[in-house]
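Undergrad: Data: target-v1.cif, mmCIF, C-alpha atoms.
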```
data_start
loop_
_atom_site.label_atom_id
_atom_site.label_comp_id
_atom_site.auth_asym_id
_atom_site.auth_seq_id
_atom_site.Cartn_x
_atom_site.Cartn_y
_atom_site.Cartn_z
CA MET D 17 -17.11 -2.41 19.39
CA VAL D 18 -15.57 -4.38 16.54
CA ALA D 19 -12.51 -6.42 17.60
CA ASP D 20 -9.14 -5.18 16.30
CA VAL D 21 -8.78 -6.99 13.00
CA ILE D 22 -4.97 -7.06 12.94
CA ASP D 23 -4.98 -8.60 16.44
CA THR D 24 -7.59 -11.13 15.32
CA LEU D 25 -5.73 -12.11 12.15
CA ALA D 26 -2.36 -12.29 13.94
CA ASP D 27 -3.76 -14.05 17.06
CA ILE D 28 -2.47 -11.35 19.41
CA ALA D 29 -3.71 -12.06 22.94
CA PRO D 30 -4.49 -9.13 25.27
CA GLY D 31 -1.60 -8.61 27.69
CA SER D 32 0.86 -10.59 25.55
CA LYS D 33 4.30 -9.19 24.81
CA LEU D 34 3.28 -8.26 21.26
CA ASP D 35 0.09 -6.63 22.52
CA LEU D 36 2.19 -4.39 24.76
CA ALA D 37 4.68 -3.68 21.96
CA ARG D 38 1.82 -2.72 19.62
CA ASN D 39 0.57 -0.31 22.28
CA ARG D 40 3.72 1.77 21.89
CA ARG D 41 2.05 2.99 18.69
CA THR D 42 -1.49 3.35 20.03
CA VAL D 43 -2.62 5.84 17.41
CA ALA D 44 -1.31 3.76 14.50
CA ARG D 45 -3.04 0.73 15.97
CA GLN D 46 -6.37 2.52 16.37
CA GLN D 47 -6.15 4.20 12.99
CA ALA D 48 -5.30 0.98 11.15
CA GLN D 49 -8.54 -0.32 12.63
CA ALA D 50 -10.35 2.91 11.66
CA SER D 51 -9.01 2.43 8.11
CA TYR D 52 -10.44 -1.09 8.03
CA LEU D 53 -13.80 0.14 9.33
CA SER D 54 -13.96 3.01 6.84
CA LEU D 55 -13.43 0.57 3.97
CA PHE D 56 -15.56 -2.36 5.13
CA LYS D 57 -18.12 -0.83 7.53
CA PRO D 58 -18.35 2.72 6.14
CA ALA D 59 -21.00 5.24 7.19
CA THR D 60 -22.35 4.93 3.64
CA MET D 61 -21.27 2.44 0.98
CA GLY D 62 -21.34 5.15 -1.67
CA GLY D 63 -20.85 3.74 -5.15
CA VAL D 64 -19.03 0.57 -4.06
CA SER D 65 -21.23 -2.18 -2.61
CA ALA D 66 -20.28 -4.26 0.41
CA GLN D 67 -20.21 -7.31 -1.83
CA GLU D 68 -17.73 -5.66 -4.20
CA ARG D 69 -15.52 -4.59 -1.29
CA TYR D 70 -15.39 -8.09 0.16
CA ALA D 71 -14.99 -9.77 -3.25
CA VAL D 72 -11.91 -7.65 -3.96
CA ALA D 73 -10.60 -8.32 -0.43
CA CYS D 74 -10.97 -12.08 -1.00
CA PHE D 75 -9.06 -11.77 -4.27
CA VAL D 76 -6.25 -9.72 -2.66
CA SER D 77 -5.98 -12.11 0.32
CA GLY D 78 -5.92 -15.09 -2.00
CA LEU D 79 -3.23 -13.59 -4.24
CA HIS D 80 -1.08 -13.08 -1.11
CA GLY D 81 -1.77 -16.64 0.06
CA GLN D 82 -2.71 -15.30 3.51
CA PRO D 83 -5.09 -17.95 4.95
CA GLN D 84 -6.27 -15.88 7.94
CA SER D 85 -7.21 -12.94 5.72
CA GLU D 86 -8.85 -15.22 3.16
CA ALA D 87 -11.05 -16.78 5.84
CA PHE D 88 -11.86 -13.43 7.45
CA TYR D 89 -12.86 -11.62 4.26
CA GLY D 90 -14.52 -14.78 2.94
CA ALA D 91 -16.85 -14.67 5.96
CA GLY D 92 -17.48 -11.00 5.21
CA LEU D 93 -18.38 -11.84 1.64
CA SER D 94 -20.89 -14.44 2.81
CA GLU D 95 -22.49 -11.91 5.17
CA ALA D 96 -22.68 -9.44 2.28
CA GLY D 97 -24.68 -11.99 0.30
CA GLY D 98 -21.89 -13.38 -1.87
CA THR D 99 -23.12 -16.51 -3.62
CA ALA D 100 -21.32 -19.83 -3.95
CA ALA D 101 -20.93 -19.08 -7.67
CA LEU D 102 -19.20 -15.78 -6.89
CA LYS D 103 -16.91 -17.45 -4.36
CA ALA D 104 -16.03 -20.18 -6.84
CA ALA D 105 -15.23 -17.55 -9.48
CA ILE D 106 -12.95 -15.70 -7.04
CA ALA D 107 -11.14 -18.95 -6.16
CA LEU D 108 -10.55 -19.61 -9.87
CA ALA D 109 -9.31 -16.05 -10.39
CA VAL D 110 -6.90 -16.44 -7.46
CA ALA D 111 -5.57 -19.73 -8.83
CA ALA D 112 -5.09 -18.18 -12.28
CA GLY D 113 -3.55 -14.96 -10.95
CA LYS D 114 -1.00 -16.16 -8.41
CA THR D 115 2.54 -15.12 -9.29
CA GLN D 116 5.53 -13.34 -7.73
CA GLY D 117 6.02 -9.60 -7.39
CA PRO D 118 6.96 -6.84 -7.53
CA TYR D 119 7.74 -6.77 -11.25
CA GLY D 120 7.14 -4.21 -13.98
CA ALA D 121 8.69 -1.55 -16.18
CA PHE D 122 10.29 1.79 -15.27
CA PRO D 123 9.97 4.95 -17.36
CA LYS D 124 12.28 4.49 -20.37
CA GLY D 125 15.84 5.41 -19.46
CA PRO D 126 18.68 4.25 -17.20
CA LEU D 127 16.31 2.19 -15.04
CA SER D 128 15.07 0.16 -18.02
CA VAL D 129 17.82 -2.40 -17.31
CA GLU D 130 15.87 -3.20 -14.13
CA ASP D 131 12.59 -3.87 -16.00
CA THR D 132 11.13 -7.27 -15.21
CA THR D 133 8.21 -8.82 -17.01
CA GLY D 134 5.44 -10.91 -15.53
CA MET D 135 1.83 -11.91 -15.90
CA ILE D 136 -0.67 -9.41 -17.29
CA PHE D 137 -3.81 -10.81 -15.67
CA LYS D 138 -7.02 -11.05 -17.68
CA VAL D 139 -10.17 -12.58 -16.21
CA ALA D 140 -11.12 -15.72 -18.16
CA PRO D 141 -14.50 -15.54 -19.93
CA ASP D 142 -16.11 -18.31 -17.86
CA ILE D 143 -15.18 -16.50 -14.61
CA ALA D 144 -16.19 -13.12 -16.00
CA LEU D 145 -19.83 -14.12 -16.19
CA ALA D 146 -20.01 -14.80 -12.44
CA LEU D 147 -18.03 -11.67 -11.53
CA GLY D 148 -19.87 -9.20 -13.72
CA ARG D 149 -18.42 -6.27 -15.65
CA ARG D 150 -17.44 -4.06 -12.72
CA LEU D 151 -15.61 -6.79 -10.81
CA VAL D 152 -13.83 -8.04 -13.95
CA ALA D 153 -12.31 -4.56 -14.41
CA ALA D 154 -11.61 -4.32 -10.67
CA PHE D 155 -9.84 -7.68 -10.52
CA GLU D 156 -7.63 -6.89 -13.52
CA HIS D 157 -6.63 -3.58 -11.93
CA THR D 158 -6.21 -5.17 -8.49
CA HIS D 159 -3.84 -7.82 -9.86
CA MET D 160 -1.62 -5.06 -11.20
CA LEU D 161 -1.68 -3.18 -7.89
CA VAL D 162 -0.78 -6.34 -5.98
CA PHE D 163 2.02 -7.66 -8.22
CA HIS D 164 3.24 -4.92 -10.56
CA PRO D 165 2.09 -1.51 -9.31
CA ARG D 166 4.75 0.37 -11.28
CA ASP D 167 3.03 -0.73 -14.51
CA ALA D 168 -0.10 1.16 -13.47
CA ALA D 169 -1.02 3.94 -15.87
CA SER D 170 -3.94 6.01 -17.01
CA PRO D 171 -5.46 3.42 -19.42
CA SER D 172 -6.14 0.92 -16.62
CA LEU D 173 -7.99 3.64 -14.71
CA GLN D 174 -10.02 4.42 -17.82
CA SER D 175 -10.95 0.71 -18.06
CA LEU D 176 -12.43 0.97 -14.57
CA LEU D 177 -14.31 4.15 -15.45
CA ASP D 178 -15.61 2.51 -18.64
CA ALA D 179 -16.84 -0.47 -16.60
CA GLY D 180 -19.02 1.81 -14.48
CA TRP D 181 -16.70 2.82 -11.62
CA SER D 182 -16.88 6.56 -10.89
CA THR D 183 -13.73 8.54 -10.08
CA THR D 184 -14.65 8.41 -6.39
CA ASP D 185 -15.32 4.65 -6.61
CA VAL D 186 -11.82 4.17 -8.09
CA VAL D 187 -10.32 6.08 -5.14
CA THR D 188 -12.15 3.76 -2.74
CA LEU D 189 -11.09 0.65 -4.68
CA SER D 190 -7.46 1.83 -4.80
CA GLN D 191 -7.45 2.55 -1.07
CA LEU D 192 -8.98 -0.84 -0.35
CA VAL D 193 -6.34 -2.79 -2.29
CA ALA D 194 -3.49 -0.62 -1.01
CA PHE D 195 -4.72 -0.81 2.60
CA LEU D 196 -4.95 -4.61 2.41
CA SER D 197 -1.38 -4.71 1.06
CA PHE D 198 -0.46 -2.99 4.36
CA GLN D 199 -2.71 -4.98 6.67
CA ILE D 200 -1.66 -8.37 5.28
CA ARG D 201 2.04 -7.47 5.72
CA VAL D 202 1.60 -6.25 9.29
CA VAL D 203 -0.20 -9.50 10.11
CA ALA D 204 2.50 -11.59 8.41
CA GLY D 205 5.21 -9.69 10.32
CA LEU D 206 3.43 -10.06 13.66
CA ARG D 207 2.89 -13.79 13.10
CA ILE D 208 6.64 -14.24 12.57
CA MET D 209 7.38 -12.09 15.65
CA ALA D 210 5.03 -14.27 17.70
CA THR D 211 7.28 -17.27 16.99
CA LYS D 212 10.31 -15.32 18.27
CA VAL D 213 9.22 -13.67 21.55
CA MET W 20 -22.27 9.40 -17.43
CA THR W 21 -18.85 7.79 -17.56
CA ASP W 22 -16.01 9.67 -15.87
CA LYS W 23 -12.79 10.33 -17.79
CA THR W 24 -9.17 10.23 -16.73
CA VAL W 25 -7.22 13.50 -16.69
CA PRO W 26 -4.90 13.86 -19.69
CA GLN W 27 -1.36 14.87 -18.68
CA SER W 28 1.04 15.95 -21.40
CA GLY W 29 4.01 18.19 -22.01
CA HIS W 30 5.73 17.29 -18.73
CA THR W 31 8.91 15.32 -18.22
CA VAL W 32 9.02 12.17 -16.13
CA PRO W 33 12.02 11.37 -13.91
CA THR W 34 13.87 8.30 -15.21
CA VAL W 35 16.15 7.75 -12.22
CA PHE W 36 15.69 7.55 -8.46
CA THR W 37 16.58 10.89 -6.91
CA ARG W 38 16.49 12.90 -3.69
CA ASP W 39 15.39 15.95 -5.69
CA MET W 40 11.97 17.50 -5.03
CA LEU W 41 9.30 16.12 -7.34
CA ASP W 42 5.72 17.12 -8.09
CA TRP W 43 2.95 14.65 -8.76
CA LEU W 44 0.32 14.86 -11.51
CA PRO W 45 -3.01 13.07 -11.04
CA TRP W 46 -4.61 10.84 -13.67
CA LEU W 47 -8.01 11.21 -11.99
CA GLU W 48 -9.79 14.47 -11.22
CA PRO W 49 -9.05 15.72 -7.68
CA MET W 50 -11.82 17.54 -5.80
CA GLU W 51 -11.96 21.28 -6.37
CA ALA W 52 -10.88 23.00 -3.17
CA GLU W 53 -13.88 25.37 -3.24
CA LYS W 54 -16.30 22.46 -3.53
CA MET W 55 -14.95 20.51 -0.56
CA SER W 56 -17.25 20.16 2.46
CA GLN W 57 -15.92 20.55 6.00
CA HIS W 58 -15.84 16.75 6.21
CA HIS W 59 -13.59 16.61 3.13
CA LEU W 60 -11.37 19.43 4.41
CA ASP W 61 -11.02 17.79 7.82
CA SER W 62 -9.89 14.55 6.16
CA LEU W 63 -6.74 16.32 4.96
CA ILE W 64 -5.60 16.56 8.64
CA ASP W 65 -3.06 19.28 7.67
CA ALA W 66 -4.97 22.22 6.17
CA SER W 67 -2.04 23.04 3.85
CA ARG W 68 -2.61 19.77 2.01
CA VAL W 69 -5.54 21.38 0.22
CA LYS W 70 -2.86 22.58 -2.23
CA SER W 71 -1.89 18.98 -3.07
CA PRO W 72 -3.74 17.30 -5.96
CA TYR W 73 -2.85 13.92 -4.42
CA PHE W 74 -4.64 14.68 -1.16
CA ARG W 75 -7.57 16.40 -2.87
CA LEU W 76 -8.01 13.26 -4.98
CA LEU W 77 -7.89 10.95 -1.95
CA ALA W 78 -10.31 13.28 -0.12
CA ARG W 79 -13.05 11.85 -2.37
CA ASP W 80 -13.19 9.06 0.25
CA PRO W 81 -12.57 11.22 3.32
CA ASP W 82 -12.86 8.71 6.16
CA VAL W 83 -10.21 6.35 4.83
CA LEU W 84 -7.91 9.27 3.98
CA ALA W 85 -8.11 10.63 7.54
CA ALA W 86 -7.41 7.21 9.07
CA ARG W 87 -4.59 6.56 6.57
CA THR W 88 -2.88 9.85 7.43
CA ARG W 89 -3.15 9.32 11.19
CA THR W 90 -1.70 5.82 10.78
CA ASP W 91 1.16 7.22 8.71
CA LYS W 92 2.02 9.99 11.18
CA ASP W 93 2.14 7.72 14.22
CA ILE W 94 4.29 5.10 12.47
CA PHE W 95 6.83 7.67 11.31
CA TYR W 96 6.68 10.61 13.73
CA ASN W 97 5.96 9.08 17.16
CA PRO W 98 9.28 9.67 18.93
CA GLU W 99 8.62 7.22 21.74
CA ALA W 100 10.83 4.09 21.80
CA GLY W 101 11.37 1.85 18.80
CA LEU W 102 13.45 2.61 15.74
CA PRO W 103 15.14 6.00 15.18
CA ARG W 104 13.24 8.15 12.68
CA ALA W 105 16.08 7.88 10.14
CA GLU W 106 15.71 4.13 9.97
CA ARG W 107 11.92 4.19 9.70
CA GLU W 108 12.54 6.43 6.69
CA LEU W 109 15.14 3.96 5.40
CA ALA W 110 12.52 1.17 5.47
CA ALA W 111 10.11 3.45 3.57
CA ALA W 112 12.76 4.36 0.99
CA ALA W 113 13.84 0.73 0.48
CA THR W 114 10.23 -0.40 0.05
CA SER W 115 9.63 2.38 -2.49
CA ARG W 116 12.87 1.52 -4.32
CA LEU W 117 11.79 -2.12 -4.70
CA ASN W 118 8.20 -1.36 -5.73
CA GLY W 119 9.53 1.28 -8.13
CA CYS W 120 7.85 4.37 -6.70
CA ILE W 121 10.22 7.15 -7.76
CA TYR W 122 8.07 9.81 -6.06
CA CYS W 123 7.83 8.09 -2.63
CA ALA W 124 11.50 7.10 -2.77
CA SER W 125 12.51 10.74 -3.37
CA VAL W 126 10.65 12.00 -0.30
CA HIS W 127 11.78 9.28 2.08
CA ALA W 128 15.36 9.10 0.81
CA ARG W 129 15.54 12.83 1.59
CA PHE W 130 14.25 12.22 5.11
CA ALA W 131 16.53 9.21 5.62
CA ALA W 132 19.56 11.26 4.54
CA THR W 133 18.57 14.28 6.64
CA TYR W 134 18.00 12.34 9.85
CA SER W 135 20.89 9.86 9.48
CA LYS W 136 23.46 12.17 7.84
CA LYS W 137 24.48 9.06 5.87
CA VAL W 138 24.10 10.63 2.44
CA PRO W 139 26.46 8.22 0.56
CA GLU W 140 24.56 5.18 1.85
CA VAL W 141 21.20 6.66 0.86
CA GLU W 142 22.54 7.58 -2.57
CA LYS W 143 23.88 4.03 -2.99
CA LEU W 144 20.46 2.56 -2.16
CA LEU W 145 18.83 4.79 -4.78
CA ALA W 146 21.48 4.13 -7.44
CA GLU W 147 22.06 0.41 -6.98
CA GLY W 148 18.76 -0.73 -5.53
CA THR W 149 17.89 -2.82 -2.50
CA GLY W 150 20.82 -5.21 -3.10
CA ALA W 151 23.31 -2.41 -2.37
CA ASP W 152 25.82 -3.11 0.43
CA LEU W 153 25.29 -0.26 2.93
CA ASP W 154 26.36 -1.29 6.43
CA LYS W 155 25.35 -4.29 8.51
CA ARG W 156 22.52 -2.61 10.38
CA TRP W 157 21.09 -0.88 7.32
CA ASN W 158 21.47 -4.05 5.25
CA ALA W 159 19.36 -5.90 7.83
CA ILE W 160 16.64 -3.21 7.76
CA VAL W 161 16.61 -3.13 3.95
CA ALA W 162 16.52 -6.94 3.71
CA ALA W 163 13.56 -7.10 6.12
CA SER W 164 11.74 -4.40 4.11
CA VAL W 165 12.40 -6.27 0.85
CA ALA W 166 11.12 -9.55 2.31
CA LEU W 167 7.95 -7.84 3.55
CA THR W 168 7.42 -6.10 0.21
CA SER W 169 7.76 -9.25 -1.88
CA THR W 170 4.57 -11.08 -2.85
CA PRO W 171 4.25 -13.77 -1.59
CA ILE W 172 5.67 -12.22 1.58
CA ALA W 173 9.12 -13.66 2.31
CA PHE W 174 9.65 -12.18 5.78
CA GLY W 175 10.75 -14.90 8.19
CA PRO W 176 12.52 -15.71 11.47
CA LYS W 177 15.96 -15.10 9.93
CA HIS W 178 15.05 -11.46 9.30
CA VAL W 179 14.09 -11.03 12.95
CA ASP W 180 17.38 -12.68 14.00
CA ALA W 181 19.39 -10.36 11.74
CA LEU W 182 17.63 -7.27 13.13
CA ARG W 183 18.15 -8.43 16.72
CA ALA W 184 21.83 -9.07 16.00
CA GLU W 185 22.06 -5.38 15.05
CA GLY W 186 20.56 -4.33 18.37
CA LEU W 187 16.90 -3.82 17.43
CA ASP W 188 14.44 -4.66 20.21
CA ASP W 189 10.87 -5.85 19.61
CA GLU W 190 9.50 -2.30 19.41
CA ALA W 191 12.13 -1.36 16.84
CA ILE W 192 11.43 -4.48 14.77
CA LEU W 193 7.71 -3.68 14.85
CA ASP W 194 8.60 -0.23 13.53
CA VAL W 195 10.45 -1.83 10.59
CA ILE W 196 7.41 -4.01 9.90
CA SER W 197 5.00 -1.06 10.18
CA ALA W 198 7.09 1.33 8.07
CA ALA W 199 7.69 -1.18 5.25
CA SER W 200 4.06 -2.34 5.33
CA PHE W 201 2.76 1.23 5.30
CA PHE W 202 4.78 2.00 2.18
CA ASN W 203 3.21 -0.96 0.46
CA TRP W 204 0.01 1.03 0.96
CA ALA W 205 1.42 4.45 -0.04
CA ASN W 206 3.40 3.22 -3.08
CA ARG W 207 0.33 1.62 -4.62
CA LEU W 208 -1.66 4.86 -4.42
CA MET W 209 1.14 7.08 -5.72
CA LEU W 210 2.06 4.70 -8.55
CA SER W 211 -1.44 4.01 -9.79
CA LEU W 212 -3.28 7.34 -9.46
CA GLY W 213 -0.76 9.65 -11.12
CA GLU W 214 2.88 10.19 -11.99
CA PRO W 215 5.85 12.26 -10.82
CA THR W 216 7.44 15.16 -12.64
CA PRO W 217 10.38 17.40 -11.63
CA ALA W 218 9.23 20.15 -9.24
CA ALA W 219 8.69 23.57 -10.74
CA SER W 220 11.67 25.61 -9.58
#
```
Write the structure described by the file as structure tokens, please.

TA:
Amino acid sequence: MVADVIDTLADIAPGSKLDLARNRRTVARQQAQASYLSLFKPATMGGVSAQERYAVACFVSGLHGQPQSEAFYGAGLSEAGGTAALKAAIALAVAAGKTQGPYGAFPKGPLSVEDTTGMIFKVAPDIALALGRRLVAAFEHTHMLVFHPRDAASPSLQSLLDAGWSTTDVVTLSQLVAFLSFQIRVVAGLRIMATKV
Amino acid sequence: MTDKTVPQSGHTVPTVFTRDMLDWLPWLEPMEAEKMSQHHLDSLIDASRVKSPYFRLLARDPDVLAARTRTDKDIFYNPEAGLPRAERELAAAATSRLNGCIYCASVHARFAATYSKKVPEVEKLLAEGTGADLDKRWNAIVAASVALTSTPIAFGPKHVDALRAEGLDDEAILDVISAASFFNWANRLMLSLGEPTPAAS
């Protein structure tokens, strides 16, 4: 059995107060783990390789500045055969992409006064070579999902499709980034709670 | 062969946050109901969701959809202990308001209003945003949701203190964390895979 990843990342000890509190939502706890397994240890990888899954996870963790997640998914990337060159490229992409969210535009109208602008992330050419075409498109889309999801629109999906992601692959990629946005926040919340119990 | 996005035209897009019913139009091709295997159908959890283009799109990766839905239901519907349902919905609505997901905000503002009966407060959150002054307890829940939704995450000990001062125990605070975190998952799917439109009457 694979250890509960949220417990691992948040350093939740069996029998601790937070362990017991988490058990009040047993199904949510088990299914958060099942979500992790279905994205990172799926029955079949389908069109998205293990290396791509972990590379995106490293990018998302890095953009959030979550050291436990970065280390965890970094180890996964190594196991999936990620090279030093790939890891270096991801680190450069993280450094270039870090900003503050959520920002973005609303549909034109009364909410436009709340529009906030921010970075539109493009992978630099020297990094792009190490990432390859599919991951370049994935990282540009991922950056938008992490920091300015309300700017997402059909053209960015078409960029993924044009870079060789199938419709089903895009669903998997979207779930992976969105799930990590959840997992990283639960871990961050639990780590703060651990200082207060 | 390269896949294509689904063109959507001729519809109107809501330009304000609302508690009205909305539909959702996909930008990627959902599965055709007739072509779904039992595995795909089972991933919907509720059979009626086969009518929803959102769930038929997510069913393309069935195992993560099934786990996502079971996570969602336990965080929001499990009646045991923790935060009242109305306030789990408030955390979901506040998160959606900040991320800018008009569709998710409409659904969960409706639930928050229904379960709390505090319609003016819910309307104020939608109209003014997450800085709106609601009441002390709701302000604390909204502030915690906002801090968790920000990137980098800004949730800290002071948010826990504020929630405790309003009577939330550890289980209830974990529910705030889970509900806000879950909507950081849901908002990103809803915002990036399609767009809302007023429901057909």

Undergrad: Would you compute, for all listed atoms of range 64-68 of chain W, the axis-aligned bounding box grown by 3 Å on each side, and then report its centre and edge lengths in Å rounded to one decimal, as AutoDock Vina command-line options?

TA:
```
--center_x -3.8 --center_y 19.8 --center_z 5.3 --size_x 9.6 --size_y 12.5 --size_z 12.6
```

Undergrad: Could you tell me which of W:Ser211, W:Thr90, W:Ser197, W:Asn97 comes closest to Ala111 in chain W if we count all atoms listed in the file?

TA: W:Ser197

Undergrad: Need the shell around Phe74 in chain W: protein/DNA/RNA residues with any atom at most 8 Å away, counting all atoms listed in the file. Skip same-chain ones fewer than 4 positions apart. Format as a PyMOL selection string?

TA: chain W and resi 49+63+68-69+78

Undergrad: With C-alpha atoms retained, export the selected residues as a PDB file, keeping the file's coordinate frame.

TA:
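Saved file again_21.pdb follows:
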```pdb
ATOM      1  CA  PRO W  49      -9.050  15.720  -7.680  1.00  0.00           C
ATOM      2  CA  LEU W  63      -6.740  16.320   4.960  1.00  0.00           C
ATOM      3  CA  ARG W  68      -2.610  19.770   2.010  1.00  0.00           C
ATOM      4  CA  VAL W  69      -5.540  21.380   0.220  1.00  0.00           C
ATOM      5  CA  ALA W  78     -10.310  13.280  -0.120  1.00  0.00           C
TER       6      ALA W  78
END
```

Undergrad: Excluding same-chain residues fewer than 3 positions from range 125-130 of chain W, what lies within 6 Å of it counting all atoms listed in the file, as an NGL selection string?

TA: :W and (37-38 or 108 or 112 or 122 or 133)

Undergrad: Please report as JSON, numbers by chain which residues of chain W come no farther than 8 Å from chain D, using all atoms listed in the file.

TA: {"W": [21, 22, 23, 24, 32, 33, 34, 35, 46, 47, 48, 76, 77, 79, 80, 82, 83, 86, 87, 89, 90, 91, 92, 93, 94, 97, 99, 100, 117, 118, 119, 120, 167, 168, 169, 170, 171, 172, 174, 175, 176, 179, 189, 190, 193, 196, 197, 200, 201, 202, 203, 204, 205, 206, 207, 208, 210, 211, 212, 213]}

Undergrad: Could you state the separation of CA of Gln67 in chain D and CA of Ala96 in chain D in Å, given to one decimal place?

TA: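 Spanning CA of Gln67 in chain D to CA of Ala96 in chain D is a straight-line distance of 5.2 Å.
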
Undergrad: Between CA of Ile192 in chain W and CA of Gly101 in chain W, what is the spacing in Å?

TA: 7.5 Å

Undergrad: On this structure, the PyMOL selection byres ((chain D and resi 106) around 9) would catch which residues? List them as a PDB file with C-alpha atoms, keeping the file's coordinate frame, sorted by chain and number.

TA:
```
ATOM      1  CA  ALA D  71     -14.990  -9.770  -3.250  1.00  0.00           C
ATOM      2  CA  VAL D  72     -11.910  -7.650  -3.960  1.00  0.00           C
ATOM      3  CA  CYS D  74     -10.970 -12.080  -1.000  1.00  0.00           C
ATOM      4  CA  PHE D  75      -9.060 -11.770  -4.270  1.00  0.00           C
ATOM      5  CA  GLY D  78      -5.920 -15.090  -2.000  1.00  0.00           C
ATOM      6  CA  ALA D 101     -20.930 -19.080  -7.670  1.00  0.00           C
ATOM      7  CA  LEU D 102     -19.200 -15.780  -6.890  1.00  0.00           C
ATOM      8  CA  LYS D 103     -16.910 -17.450  -4.360  1.00  0.00           C
ATOM      9  CA  ALA D 104     -16.030 -20.180  -6.840  1.00  0.00           C
ATOM     10  CA  ALA D 105     -15.230 -17.550  -9.480  1.00  0.00           C
ATOM     11  CA  ALA D 107     -11.140 -18.950  -6.160  1.00  0.00           C
ATOM     12  CA  LEU D 108     -10.550 -19.610  -9.870  1.00  0.00           C
ATOM     13  CA  ALA D 109      -9.310 -16.050 -10.390  1.00  0.00           C
ATOM     14  CA  VAL D 110      -6.900 -16.440  -7.460  1.00  0.00           C
ATOM     15  CA  ALA D 111      -5.570 -19.730  -8.830  1.00  0.00           C
ATOM     16  CA  ILE D 143     -15.180 -16.500 -14.610  1.00  0.00           C
ATOM     17  CA  ALA D 146     -20.010 -14.800 -12.440  1.00  0.00           C
ATOM     18  CA  LEU D 147     -18.030 -11.670 -11.530  1.00  0.00           C
TER      19      LEU D 147
END
```

Undergrad: Tell me, in Å to one decimal, how far CA of Val18 in chain D is from CA of Gly92 in chain D.

TA: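 That distance, rounded to one decimal, is 13.3 Å.
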
Undergrad: In terms of the shortest atom-to-atom distance over all atoms listed in the file, which of W:Ala219, W:Ile121, W:Pro72, W:Val161 is closest to Leu182 in chain W?

TA: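 Using all atoms listed in the file, the shortest distance to Leu182 in chain W belongs to W:Val161.
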
Undergrad: Find the spatial neighbours of Val195 in chain W, counting all atoms listed in the file, within a cut-off of 8 Å - ignore same-chain residues fewer than 2 positions away - and output them as a list in words.

TA: Leu102, Glu106, Arg107, Ala110, Ile160, Ala163, Ser164, Ala191, Ile192, Leu193, Ser197, Ala198 and Ala199 of chain W

Undergrad: Run the PyMOL selection byres ((chain W and resi 146) around 10) on the file and write out the hits as a list in words.

TA: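 Against this file, the PyMOL selection byres ((chain W and resi 146) around 10) returns the residues Leu127 of chain D; Val35, Phe36, Thr37, Arg116, Glu140, Val141, Glu142, Lys143, Leu144, Leu145, Glu147, Gly148, Thr149 and Ala151 of chain W.
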
Undergrad: May I ask which of the residues D:Ala26, D:Val129, D:Ala112, D:Ala153 is the closest one to Pro83 in chain D, counting only C-alpha atoms?

TA: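 That would be D:Ala26, the residue with the smallest distance to Pro83 in chain D.
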
Undergrad: Around (-14.9, -7.0, 1.9) in the file's own coordinates, what residues are found within 6 Å if you use only C-alpha atoms, given back as a list in words?

TA: Phe56, Arg69, Tyr70, Ala71, Ala73, Tyr89, Gly92 and Leu93 of chain D

Undergrad: Measuring between only C-alpha atoms, which one of W:Gly186, W:Leu109, W:Glu51, W:Pro217 shows the shortest distance to Ser71 in chain W?

TA: W:Glu51

Undergrad: Between W:Ser115, W:Gln57, W:Thr88, W:Ser135, single out the one closest to Pro103 in chain W, counting all atoms listed in the file.

TA: W:Ser135

Undergrad: For range 86-94 of chain W, supply N, CA and C atoms and format the output as a compact mmCIF listing (two decimals), in the coordinates of the input.

TA:
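What follows is the written file out.txt:
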```
# COMPACT_ATOMS: atom_id res chain seq x y z
N ALA W 86 -7.98 8.32 8.29
CA ALA W 86 -7.41 7.21 9.07
C ALA W 86 -6.03 6.83 8.53
N ARG W 87 -5.88 6.86 7.20
CA ARG W 87 -4.59 6.56 6.57
C ARG W 87 -3.52 7.54 7.06
N THR W 88 -3.86 8.82 7.07
CA THR W 88 -2.88 9.85 7.43
C THR W 88 -2.49 9.74 8.90
N ARG W 89 -3.47 9.46 9.75
CA ARG W 89 -3.15 9.32 11.19
C ARG W 89 -2.30 8.08 11.44
N THR W 90 -2.54 7.02 10.68
CA THR W 90 -1.70 5.82 10.78
C THR W 90 -0.27 6.16 10.39
N ASP W 91 -0.14 6.81 9.26
CA ASP W 91 1.16 7.22 8.71
C ASP W 91 1.95 8.04 9.74
N LYS W 92 1.31 9.07 10.29
CA LYS W 92 2.02 9.99 11.18
C LYS W 92 2.51 9.29 12.44
N ASP W 93 1.71 8.38 12.98
CA ASP W 93 2.14 7.72 14.22
C ASP W 93 3.29 6.74 13.94
N ILE W 94 3.22 6.04 12.80
CA ILE W 94 4.29 5.10 12.47
C ILE W 94 5.62 5.84 12.29
```
